[in-house]
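Okay, protein_11.pdb now, which holds PDB, C-alpha atoms and all ligand atoms:
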MODEL        1
ATOM      1  CA  MET A  15      12.482  23.281  -5.447
ATOM      2  CA  GLU A  16      10.313  22.500  -2.423
ATOM      3  CA  GLU A  17       8.554  19.994  -4.568
ATOM      4  CA  SER A  18      11.591  17.942  -5.550
ATOM      5  CA  ALA A  19      12.973  17.928  -2.022
ATOM      6  CA  LEU A  20       9.654  16.531  -0.856
ATOM      7  CA  GLY A  21       9.738  13.970  -3.660
ATOM      8  CA  LYS A  22      13.131  12.699  -2.606
ATOM      9  CA  LYS A  23      12.069  12.351   0.977
ATOM     10  CA  VAL A  24       8.973  10.441   0.009
ATOM     11  CA  SER A  25      10.848   8.010  -2.234
ATOM     12  CA  ARG A  26      13.308   7.319   0.520
ATOM     13  CA  ASP A  27      10.486   6.675   2.950
ATOM     14  CA  ALA A  28       8.864   4.366   0.449
ATOM     15  CA  LEU A  29      12.086   2.410  -0.050
ATOM     16  CA  LEU A  30      12.485   2.193   3.681
ATOM     17  CA  TRP A  31       9.023   0.736   3.984
ATOM     18  CA  VAL A  32       9.738  -1.777   1.270
ATOM     19  CA  ALA A  33      12.901  -2.804   3.082
ATOM     20  CA  VAL A  34      11.094  -3.071   6.400
ATOM     21  CA  VAL A  35       8.336  -5.172   4.900
ATOM     22  CA  TRP A  36      10.765  -7.457   3.108
ATOM     23  CA  LEU A  37      12.964  -7.950   6.125
ATOM     24  CA  ALA A  38      10.070  -8.656   8.451
ATOM     25  CA  PRO A  39      10.090 -12.366   9.267
ATOM     26  CA  ALA A  40       6.417 -12.894   8.569
ATOM     27  CA  GLY A  41       5.021 -16.251   9.597
ATOM     28  CA  ALA A  42       3.963 -17.095   6.077
ATOM     29  CA  GLY A  43       7.269 -16.014   4.574
ATOM     30  CA  ASP A  44       8.231 -19.562   3.752
ATOM     31  CA  LEU A  45       4.962 -20.147   2.018
ATOM     32  CA  ALA A  46       5.487 -17.024  -0.044
ATOM     33  CA  ALA A  47       9.065 -17.625  -1.045
ATOM     34  CA  ASP A  48       8.572 -20.633  -3.296
ATOM     35  CA  THR A  49       5.060 -20.589  -4.555
ATOM     36  CA  ALA A  50       3.588 -17.157  -4.252
ATOM     37  CA  PRO A  51       2.871 -15.164  -7.352
ATOM     38  CA  SER A  52       3.569 -11.491  -7.321
ATOM     39  CA  ARG A  53       0.443  -9.388  -7.678
ATOM     40  CA  HIS A  54       0.829  -5.894  -9.042
ATOM     41  CA  PHE A  55      -1.723  -3.114  -8.582
ATOM     42  CA  GLU A  56      -1.713   0.477  -9.759
ATOM     43  CA  VAL A  57      -3.693   2.526  -7.264
ATOM     44  CA  THR A  58      -4.835   6.093  -7.769
ATOM     45  CA  ALA A  59      -5.559   8.190  -4.699
ATOM     46  CA  SER A  60      -7.810  11.219  -5.047
ATOM     47  CA  ARG A  61     -10.305  13.193  -2.934
ATOM     48  CA  TYR A  62     -11.733  11.012  -1.406
ATOM     49  CA  LYS A  63     -11.166   7.559  -2.734
ATOM     50  CA  PHE A  64      -8.711   4.911  -3.791
ATOM     51  CA  GLU A  65      -9.093   3.325  -7.192
ATOM     52  CA  PRO A  66      -9.411   0.430  -7.135
ATOM     53  CA  SER A  67     -10.882   0.644  -3.654
ATOM     54  CA  ARG A  68     -10.894  -3.104  -3.216
ATOM     55  CA  ILE A  69      -7.749  -5.180  -3.693
ATOM     56  CA  GLU A  70      -8.170  -8.941  -3.763
ATOM     57  CA  VAL A  71      -5.279 -11.346  -3.406
ATOM     58  CA  ALA A  72      -4.641 -14.843  -2.067
ATOM     59  CA  GLN A  73      -2.891 -15.587   1.188
ATOM     60  CA  GLY A  74       0.853 -15.748   0.664
ATOM     61  CA  ASP A  75       0.863 -13.557  -2.437
ATOM     62  CA  VAL A  76       3.507 -10.896  -2.735
ATOM     63  CA  VAL A  77       1.535  -7.692  -3.191
ATOM     64  CA  ASP A  78       3.181  -4.849  -5.099
ATOM     65  CA  LEU A  79       1.345  -1.564  -4.939
ATOM     66  CA  VAL A  80       2.267   1.450  -7.032
ATOM     67  CA  VAL A  81       0.314   4.417  -5.764
ATOM     68  CA  ARG A  82      -0.155   7.862  -7.293
ATOM     69  CA  SER A  83      -2.145  10.890  -6.329
ATOM     70  CA  ALA A  84      -4.430  12.534  -8.839
ATOM     71  CA  ASP A  85      -4.701  15.709  -6.810
ATOM     72  CA  THR A  86      -3.335  16.564  -3.381
ATOM     73  CA  ASP A  87      -1.191  14.843  -0.743
ATOM     74  CA  HIS A  88      -2.632  11.546   0.436
ATOM     75  CA  GLY A  89      -1.339   8.502   2.241
ATOM     76  CA  LEU A  90      -2.001   4.806   2.017
ATOM     77  CA  ALA A  91      -1.971   2.706   5.153
ATOM     78  CA  ILE A  92      -2.833  -0.914   5.827
ATOM     79  CA  GLU A  93      -2.327  -1.223   9.540
ATOM     80  CA  ALA A  94      -2.520  -5.010   9.680
ATOM     81  CA  TYR A  95       0.500  -5.236   7.377
ATOM     82  CA  GLN A  96       2.386  -2.270   8.754
ATOM     83  CA  VAL A  97       2.112  -0.555   5.416
ATOM     84  CA  LYS A  98       2.099   3.236   5.472
ATOM     85  CA  VAL A  99       3.302   5.456   2.654
ATOM     86  CA  LYS A 100       2.906   9.079   1.767
ATOM     87  CA  VAL A 101       1.436   9.695  -1.656
ATOM     88  CA  PRO A 102       2.520  13.177  -2.703
ATOM     89  CA  LYS A 103       0.676  15.613  -4.902
ATOM     90  CA  GLY A 104       2.187  15.893  -8.350
ATOM     91  CA  GLY A 105       1.597  12.303  -9.403
ATOM     92  CA  GLN A 106       4.928  10.807  -8.442
ATOM     93  CA  SER A 107       4.539   7.071  -7.919
ATOM     94  CA  VAL A 108       5.248   5.438  -4.589
ATOM     95  CA  ALA A 109       5.888   1.705  -4.438
ATOM     96  CA  VAL A 110       5.278  -0.601  -1.518
ATOM     97  CA  SER A 111       5.438  -4.387  -1.291
ATOM     98  CA  PHE A 112       4.376  -6.853   1.326
ATOM     99  CA  VAL A 113       3.499 -10.507   1.706
ATOM    100  CA  ALA A 114      -0.189 -11.061   2.352
ATOM    101  CA  SER A 115       0.516 -13.623   5.027
ATOM    102  CA  ARG A 116      -2.805 -13.420   6.877
ATOM    103  CA  ALA A 117      -6.232 -14.100   5.454
ATOM    104  CA  GLY A 118      -9.039 -11.674   6.099
ATOM    105  CA  THR A 119     -10.425  -8.297   5.133
ATOM    106  CA  PHE A 120      -8.295  -5.357   6.158
ATOM    107  CA  PRO A 121      -9.076  -1.664   5.915
ATOM    108  CA  ILE A 122      -7.024   0.573   3.673
ATOM    109  CA  LYS A 123      -6.937   4.126   4.966
ATOM    110  CA  CYS A 124      -5.686   7.469   3.865
ATOM    111  CA  SER A 125      -2.948   8.395   6.325
ATOM    112  CA  GLU A 126      -2.399  12.040   5.399
ATOM    113  CA  TYR A 127      -4.989  14.711   6.032
ATOM    114  CA  CYS A 128      -6.364  15.661   2.633
ATOM    115  CA  GLY A 129      -9.515  17.628   3.335
ATOM    116  CA  SER A 130     -13.033  17.305   4.684
ATOM    117  CA  GLY A 131     -13.474  13.770   3.332
ATOM    118  CA  HIS A 132     -10.191  12.426   4.646
ATOM    119  CA  LYS A 133     -11.765  10.077   7.170
ATOM    120  CA  ARG A 134     -14.049   8.439   4.660
ATOM    121  CA  MET A 135     -11.240   7.881   2.164
ATOM    122  CA  THR A 136     -10.956   4.154   2.608
ATOM    123  CA  GLY A 137     -10.618   0.910   0.766
ATOM    124  CA  GLU A 138     -10.134  -2.703   1.610
ATOM    125  CA  LEU A 139      -7.623  -5.446   1.131
ATOM    126  CA  VAL A 140      -9.231  -8.867   0.853
ATOM    127  CA  VAL A 141      -6.853 -11.775   1.391
ATOM    128  CA  ALA A 142      -8.483 -15.095   0.497
ATOM    129  CA  GLU A 143      -7.409 -18.045   2.560
ATOM    130  CA  ARG A 144      -5.181 -20.390   0.619
ATOM    131  CA  ALA A 145      -6.081 -24.050   0.902
ATOM    132  CA  GLN A 146      -3.320 -26.032   2.575
TER     133      GLN A 146
HETATM  134 CU1  LIG A 201      -6.716  11.276   1.275
HETATM  135 CU2  LIG A 201      -6.550  11.863   3.532
ENDMDL
END
Output the structure of this file as structure tokens.
Ligand code: CUA
Amino acid sequence: MEESALGKKVSRDALLWVAVVWLAPAGAGDLAADTAPSRHFEVTASRYKFEPSRIEVAQGDVVDLVVRSADTDHGLAIEAYQVKVKVPKGGQSVAVSFVASRAGTFPIKCSEYCGSGHKRMTGELVVAERAQ
């Protein structure tokens, strides 16, 4: 019972994040609208890593992440893109989308305390500059 209530809350949060990200008038939004491919990644969170730990896209791509936990509660946050989702134990998938409008290398962090290795549970998002 507890479990499904938590699940519902998490999905709603995830949808909210998707809405927030989509509604955000990112500078490169125009670039993304016409030409950008959608890039889909399945990410597994576990103590204490993300797999894949490195996500590579091109500037302007629409990035769709579907994240699942293989063990306990985790989170996935990419501060530069205002992405932050809870990834609940139990394996339920959480989806988040954003437009990779800025080029660079951005840290991916676990945003929910998950044990002694929480702080070193990291990854990176690499956004390659798109030639104009
Ligand atoms: Cu995984 Cu904190």
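Nearest to ligand LIG 201 (chain A) of all the residues A:Glu70, A:Glu65, A:Asp78, A:Glu143 is A:Glu65, counting all atoms listed in the file.
What the PyMOL selection byres (((chain A and resi 99) around 7) and not hetatm) matches in the given file is Ala28, Gly89, Leu90, Ala91, Val97, Lys98, Lys100 and Val101 of chain A.
When CA of Gly137 (chain A) is paired with CA of Ser83 (chain A), their separation reads 14.9 Å.
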Fill in: Of the listed residues A:Glu56, A:Glu93, A:Glu138, A:Asp85, that which approaches ligand LIG 201 (chain A) most closely, counting all atoms listed in the file
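Of the candidates, the smallest distance to ligand LIG 201 (chain A) is held by A:Asp85.
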Kindly compile the residues surrounding ligand LIG 201 (chain A) within 6 Å, counting only C-alpha atoms and all ligand atoms, and format them as an mmCIF file with C-alpha atoms, keeping the file's coordinate frame.
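New file part.cif:
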data_model
loop_
_atom_site.group_PDB
_atom_site.id
_atom_site.type_symbol
_atom_site.label_atom_id
_atom_site.label_comp_id
_atom_site.auth_asym_id
_atom_site.auth_seq_id
_atom_site.Cartn_x
_atom_site.Cartn_y
_atom_site.Cartn_z
ATOM 1 C CA ARG A 61 -10.305 13.193 -2.934
ATOM 2 C CA TYR A 62 -11.733 11.012 -1.406
ATOM 3 C CA HIS A 88 -2.632 11.546 0.436
ATOM 4 C CA CYS A 124 -5.686 7.469 3.865
ATOM 5 C CA SER A 125 -2.948 8.395 6.325
ATOM 6 C CA GLU A 126 -2.399 12.040 5.399
ATOM 7 C CA TYR A 127 -4.989 14.711 6.032
ATOM 8 C CA CYS A 128 -6.364 15.661 2.633
ATOM 9 C CA HIS A 132 -10.191 12.426 4.646
ATOM 10 C CA MET A 135 -11.240 7.881 2.164
#
Discussion item. Measuring between all atoms listed in the file, which one of A:Lys103, A:Lys63, A:Arg68, A:His54 shows the shortest distance to Val80 (chain A)?
Written reply: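 Of A:Lys103, A:Lys63, A:Arg68, A:His54, the one nearest Val80 (chain A), counting all atoms listed in the file, is A:His54.
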Response to the item:
One residue among A:Pro51, A:Gly105, A:Gly129, A:Gly118 is nearest to Val81 (chain A) when using all atoms listed in the file, and that residue is A:Gly105
Taking 4 positions as the minimum chain separation for residues in the same chain, which residues sit within 7 Å of Phe120 (chain A) when counting all atoms listed in the file? Answer as a PDB file with C-alpha atoms, in the frame of the given file.
ATOM      1  CA  ALA A  94      -2.520  -5.010   9.680  1.00  0.00           C
ATOM      2  CA  GLU A 138     -10.134  -2.703   1.610  1.00  0.00           C
ATOM      3  CA  LEU A 139      -7.623  -5.446   1.131  1.00  0.00           C
ATOM      4  CA  VAL A 140      -9.231  -8.867   0.853  1.00  0.00           C
TER       5      VAL A 140
END
Once you add 4 Å to each side, what are the centre and edge lengths of the axis-aligned box holding all listed atoms of region 78-89 of chain A? One decimal in Å, as AutoDock Vina command-line options, if you can.
--center_x -0.8 --center_y 5.9 --center_z -3.3 --size_x 15.9 --size_y 29.4 --size_z 19.1
Fill in: Atomic distance CA of Ala142 (chain A) - CA of Ile69 (chain A), expressed in Å with one decimal
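One can read the CA of Ala142 (chain A) to CA of Ile69 (chain A) distance as 10.8 Å.
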Worksheet item: Neighbours of Arg144 (chain A) within 10 Å (all atoms listed in the file; same-chain residues fewer than 4 positions away dropped), as JSON, numbers by chain?
Response: {"A": [71, 72, 73, 74, 75, 115, 116, 117]}
Those residues you just picked out, can you put them in a file as a JSON list (two decimals), in the frame of the given file with C-alpha atoms?
[["chain", "number", "residue", "atom", "x", "y", "z"],
["A", 71, "VAL", "CA", -5.28, -11.35, -3.41],
["A", 72, "ALA", "CA", -4.64, -14.84, -2.07],
["A", 73, "GLN", "CA", -2.89, -15.59, 1.19],
["A", 74, "GLY", "CA", 0.85, -15.75, 0.66],
["A", 75, "ASP", "CA", 0.86, -13.56, -2.44],
["A", 115, "SER", "CA", 0.52, -13.62, 5.03],
["A", 116, "ARG", "CA", -2.80, -13.42, 6.88],
["A", 117, "ALA", "CA", -6.23, -14.10, 5.45]]
Item to complete: Enter the distance from CA of Thr119 (chain A) to CA of Tyr95 (chain A), in Å, rounded to one decimal.
Response: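 The value is 11.6 Å.
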Worksheet entry | Residue with smallest distance to Thr86 (chain A) - pool A:Ala114, A:Ile122, A:Ala59, A:Ala145, counting only C-alpha atoms | A:Ala59
Worksheet entry | Selection result of the PyMOL selection byres (((chain A and resi 109) around 6) and not hetatm) on this file, as a list in words | Leu79, Val80, Val108 and Val110 of chain A
Practice prompt. Can you work out which one of A:Arg53, A:Gln96, A:Val77, A:Arg82 has the shortest atom-to-atom distance to Phe112 (chain A), counting all atoms listed in the file?
Written response: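 Using all atoms listed in the file, the shortest distance to Phe112 (chain A) belongs to A:Val77.
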